[in-house]
Amino acid sequence: MSIAGASVLRLAAFEVRGAARTRWVAIGGGLFALAAAAVALAGLRSLSALGLAGAGAATDALVHLALLLPPLIGLLLGAGSLARDRERGMLALLATQPLRRGALPLAAFAGAVLASWAVVALGLGVATVVIAGVMTAADLVALGGVLAVSLAATATAVALGVLLSAATSTHHQATAAAASLWLFLALGMDLLLAGAAPGLQFGPAGLLAAVLLNPLEAARVLAVMVLGDGTSLGTFGAYLADRFGDAGALRLLTGCLAAWIVAPLLLAWRITTRRDV
């Protein structure tokens, strides 16, 4: 391995340790685990009250939780990566090493995404333990789908956070921007569309465009389809099935999430290579 390659790996390992030590991982991981356990228990109780078996209701409830809290943690970790290192003088020090400056966003992404994925694994792992006694093979597959989509959504959030970290000057600016962006993607965009849709008369194609412009919403739709509950999407789900087919819709949404990872990292790379550390 070249000296530059070894330096990139060491930097990535350093970023992993730095991200894992932040309060976002400790506090966020604990909150997500507790919330996942509570949601799983609530789902089990609702099924028990109806006299039903399995863990379907718990899995459905976990989808919404797993696509809200982990992406927030990912955004905050990504936002704190380069900005934190810049304030501490680490970026200036790294600039003297045999390391291309463009590798910094990738290393920051690797560290933050691995720490964020640990939070996802912890929370869903706790939920799995809670519902293990009533899970069927189909429930296990469904929970695996929820895990995969949550990991992908969290990775998109980390990539956006790294972009904010590269574009801002201080850690506080990046953190504030990350929190604002999460509020917009998780809540604000839906409220905006709900208010504008009656006047603009969005059709299914317009709604699809709005979904693709919001990685959290794209992940939610993908999770619903992975769980095999596309009928809950109503006419929009019927449009996806008719226009793209089930497999085509899955590929479209998966490709959308991949683009939301690659594009912010490319922008972060461009900013990092052009600005002073």
# chains A, B, ... in the order shown; residues from 1 in each chain; ligands from 1
>>> residues_around(residues="Ser116 (chain A)", least_positions_apart="6", cutoff="9 Å", atoms="only C-alpha atoms", output="list of chain:residue names")
A:Ala19, A:Ala20, A:Val25, A:Gly29, A:Pro70, A:Pro71, A:Ile73, A:Gly74, A:Leu77, A:Leu151, A:Thr154, A:Ala155, A:Val158
>>> write_last_selection(atoms="N, CA, C and O atoms", output="PDB file, in the first residue's frame")
ATOM      1  N   ALA A  19     -15.679  10.490  15.972  1.00  0.00           N
ATOM      2  CA  ALA A  19     -17.145  10.493  15.891  1.00  0.00           C
ATOM      3  C   ALA A  19     -17.759   9.674  17.013  1.00  0.00           C
ATOM      4  O   ALA A  19     -18.781  10.049  17.591  1.00  0.00           O
ATOM      5  N   ALA A  20     -17.128   8.539  17.337  1.00  0.00           N
ATOM      6  CA  ALA A  20     -17.674   7.650  18.368  1.00  0.00           C
ATOM      7  C   ALA A  20     -17.629   8.295  19.742  1.00  0.00           C
ATOM      8  O   ALA A  20     -18.418   7.931  20.627  1.00  0.00           O
ATOM      9  N   VAL A  25     -23.409  10.440  19.577  1.00  0.00           N
ATOM     10  CA  VAL A  25     -23.467   8.984  19.530  1.00  0.00           C
ATOM     11  C   VAL A  25     -23.947   8.424  20.865  1.00  0.00           C
ATOM     12  O   VAL A  25     -24.832   7.559  20.917  1.00  0.00           O
ATOM     13  N   GLY A  29     -27.605   7.493  20.609  1.00  0.00           N
ATOM     14  CA  GLY A  29     -27.710   6.032  20.598  1.00  0.00           C
ATOM     15  C   GLY A  29     -28.587   5.518  21.726  1.00  0.00           C
ATOM     16  O   GLY A  29     -29.420   4.617  21.530  1.00  0.00           O
ATOM     17  N   PRO A  70     -31.940   8.354  13.552  1.00  0.00           N
ATOM     18  CA  PRO A  70     -30.584   8.095  13.040  1.00  0.00           C
ATOM     19  C   PRO A  70     -30.111   9.091  11.982  1.00  0.00           C
ATOM     20  O   PRO A  70     -28.953   9.519  12.030  1.00  0.00           O
ATOM     21  N   PRO A  71     -30.968   9.496  11.015  1.00  0.00           N
ATOM     22  CA  PRO A  71     -30.503  10.525  10.079  1.00  0.00           C
ATOM     23  C   PRO A  71     -30.143  11.847  10.758  1.00  0.00           C
ATOM     24  O   PRO A  71     -29.221  12.536  10.330  1.00  0.00           O
ATOM     25  N   ILE A  73     -28.875  12.134  13.792  1.00  0.00           N
ATOM     26  CA  ILE A  73     -27.551  11.892  14.375  1.00  0.00           C
ATOM     27  C   ILE A  73     -26.487  11.905  13.280  1.00  0.00           C
ATOM     28  O   ILE A  73     -25.400  12.477  13.455  1.00  0.00           O
ATOM     29  N   GLY A  74     -26.779  11.295  12.149  1.00  0.00           N
ATOM     30  CA  GLY A  74     -25.832  11.280  11.038  1.00  0.00           C
ATOM     31  C   GLY A  74     -25.528  12.676  10.522  1.00  0.00           C
ATOM     32  O   GLY A  74     -24.363  13.013  10.240  1.00  0.00           O
ATOM     33  N   LEU A  77     -23.302  14.412  13.122  1.00  0.00           N
ATOM     34  CA  LEU A  77     -21.934  13.883  13.110  1.00  0.00           C
ATOM     35  C   LEU A  77     -21.175  14.345  11.871  1.00  0.00           C
ATOM     36  O   LEU A  77     -20.009  14.745  11.947  1.00  0.00           O
ATOM     37  N   LEU A 151     -29.968   2.320   7.242  1.00  0.00           N
ATOM     38  CA  LEU A 151     -28.532   2.539   7.034  1.00  0.00           C
ATOM     39  C   LEU A 151     -28.296   3.433   5.818  1.00  0.00           C
ATOM     40  O   LEU A 151     -27.447   4.336   5.851  1.00  0.00           O
ATOM     41  N   THR A 154     -29.396   7.012   6.632  1.00  0.00           N
ATOM     42  CA  THR A 154     -28.418   7.625   7.533  1.00  0.00           C
ATOM     43  C   THR A 154     -27.160   8.016   6.779  1.00  0.00           C
ATOM     44  O   THR A 154     -26.557   9.070   7.052  1.00  0.00           O
ATOM     45  N   ALA A 155     -26.754   7.199   5.813  1.00  0.00           N
ATOM     46  CA  ALA A 155     -25.574   7.532   5.009  1.00  0.00           C
ATOM     47  C   ALA A 155     -25.807   8.792   4.184  1.00  0.00           C
ATOM     48  O   ALA A 155     -24.900   9.623   4.040  1.00  0.00           O
ATOM     49  N   VAL A 158     -25.394  11.679   6.564  1.00  0.00           N
ATOM     50  CA  VAL A 158     -23.989  11.932   6.874  1.00  0.00           C
ATOM     51  C   VAL A 158     -23.319  12.677   5.727  1.00  0.00           C
ATOM     52  O   VAL A 158     -22.555  13.635   5.945  1.00  0.00           O
TER      53      VAL A 158
END
>>> closest_atom_pairs(of="region 210-268 of chain A", to="region 146-150 of chain A", cutoff="12 Å", atoms="only C-alpha atoms", output="CSV")
residue,atom,partner,partner_atom,distance
A:Pro215,CA,A:Val149,CA,10.9
A:Leu216,CA,A:Ser150,CA,9.4
A:Glu217,CA,A:Val149,CA,11.4
A:Ala218,CA,A:Val149,CA,9.8
A:Ala219,CA,A:Val149,CA,6.3
A:Arg220,CA,A:Val149,CA,8.2
A:Val221,CA,A:Val149,CA,9.9
A:Leu222,CA,A:Val149,CA,7.3
A:Ala223,CA,A:Val149,CA,6.1
A:Val224,CA,A:Val146,CA,8.9
A:Met225,CA,A:Val146,CA,10.5
A:Val226,CA,A:Val146,CA,7.9
A:Leu227,CA,A:Val146,CA,7.9
A:Gly228,CA,A:Val146,CA,11.6
A:Leu250,CA,A:Val149,CA,11.2
A:Leu253,CA,A:Val149,CA,10.4
A:Thr254,CA,A:Val149,CA,8.9
A:Leu257,CA,A:Val149,CA,9.3
A:Ala258,CA,A:Val149,CA,11.4
>>> atom_distance(atom1="CA of Val16 (chain A)", atom2="CA of Asn214 (chain A)")
26.9 Å
>>> atom_distance(atom1="CA of Gly133 (chain A)", atom2="CA of Ala42 (chain A)")
14.7 Å
>>> residues_around(residues="Ile271 (chain A)", least_positions_apart="3", cutoff="7 Å", atoms="only C-alpha atoms", output="ChimeraX atom specification")
/A:166-167,267-268,274-275
>>> write_last_selection(atoms="N, CA and C atoms", output="mmCIF file, in the first residue's frame")
data_model
loop_
_atom_site.group_PDB
_atom_site.id
_atom_site.type_symbol
_atom_site.label_atom_id
_atom_site.label_comp_id
_atom_site.auth_asym_id
_atom_site.auth_seq_id
_atom_site.Cartn_x
_atom_site.Cartn_y
_atom_site.Cartn_z
ATOM 1 N N ALA A 166 -17.970 21.101 5.225
ATOM 2 C CA ALA A 166 -16.967 21.640 4.316
ATOM 3 C C ALA A 166 -17.271 23.076 3.921
ATOM 4 N N ALA A 167 -18.566 23.424 3.878
ATOM 5 C CA ALA A 167 -18.962 24.738 3.369
ATOM 6 C C ALA A 167 -19.000 25.814 4.437
ATOM 7 N N LEU A 267 -19.437 17.444 -3.968
ATOM 8 C CA LEU A 267 -19.428 18.881 -3.686
ATOM 9 C C LEU A 267 -18.491 19.197 -2.517
ATOM 10 N N ALA A 268 -18.509 18.352 -1.491
ATOM 11 C CA ALA A 268 -17.610 18.557 -0.352
ATOM 12 C C ALA A 268 -16.156 18.435 -0.791
ATOM 13 N N ARG A 274 -10.539 23.494 -2.763
ATOM 14 C CA ARG A 274 -10.404 24.865 -3.248
ATOM 15 C C ARG A 274 -10.283 25.906 -2.135
ATOM 16 N N ARG A 275 -10.654 25.546 -0.909
ATOM 17 C CA ARG A 275 -10.624 26.540 0.161
ATOM 18 C C ARG A 275 -9.400 26.326 1.046
#
>>> closest_residue(among="A:Leu75, A:Thr272, A:Gly237, A:Pro105", to="Gly28 (chain A)", atoms="only C-alpha atoms")
A:Leu75
>>> select_by_dssp(residues="region 47-172 of chain A", states="alpha helix (DSSP H)", output="JSON, numbers by chain")
{"A": [47, 48, 49, 50, 56, 57, 58, 59, 60, 61, 62, 63, 64, 65, 66, 69, 70, 71, 72, 73, 74, 75, 76, 77, 78, 79, 80, 81, 82, 83, 84, 85, 86, 87, 90, 91, 92, 93, 94, 103, 104, 105, 106, 107, 108, 109, 110, 111, 112, 113, 114, 115, 116, 117, 118, 119, 120, 121, 122, 123, 124, 125, 126, 127, 128, 129, 130, 131, 137, 138, 139, 140, 141, 142, 143, 144, 145, 146, 147, 148, 149, 150, 151, 152, 153, 154, 155, 156, 157, 158, 159, 160, 161, 162, 163, 164, 165, 166, 167, 171, 172]}
>>> closest_residue(among="A:Ala12, A:Leu41, A:Ala26, A:Ala33", to="Val130 (chain A)", atoms="only C-alpha atoms")
A:Leu41
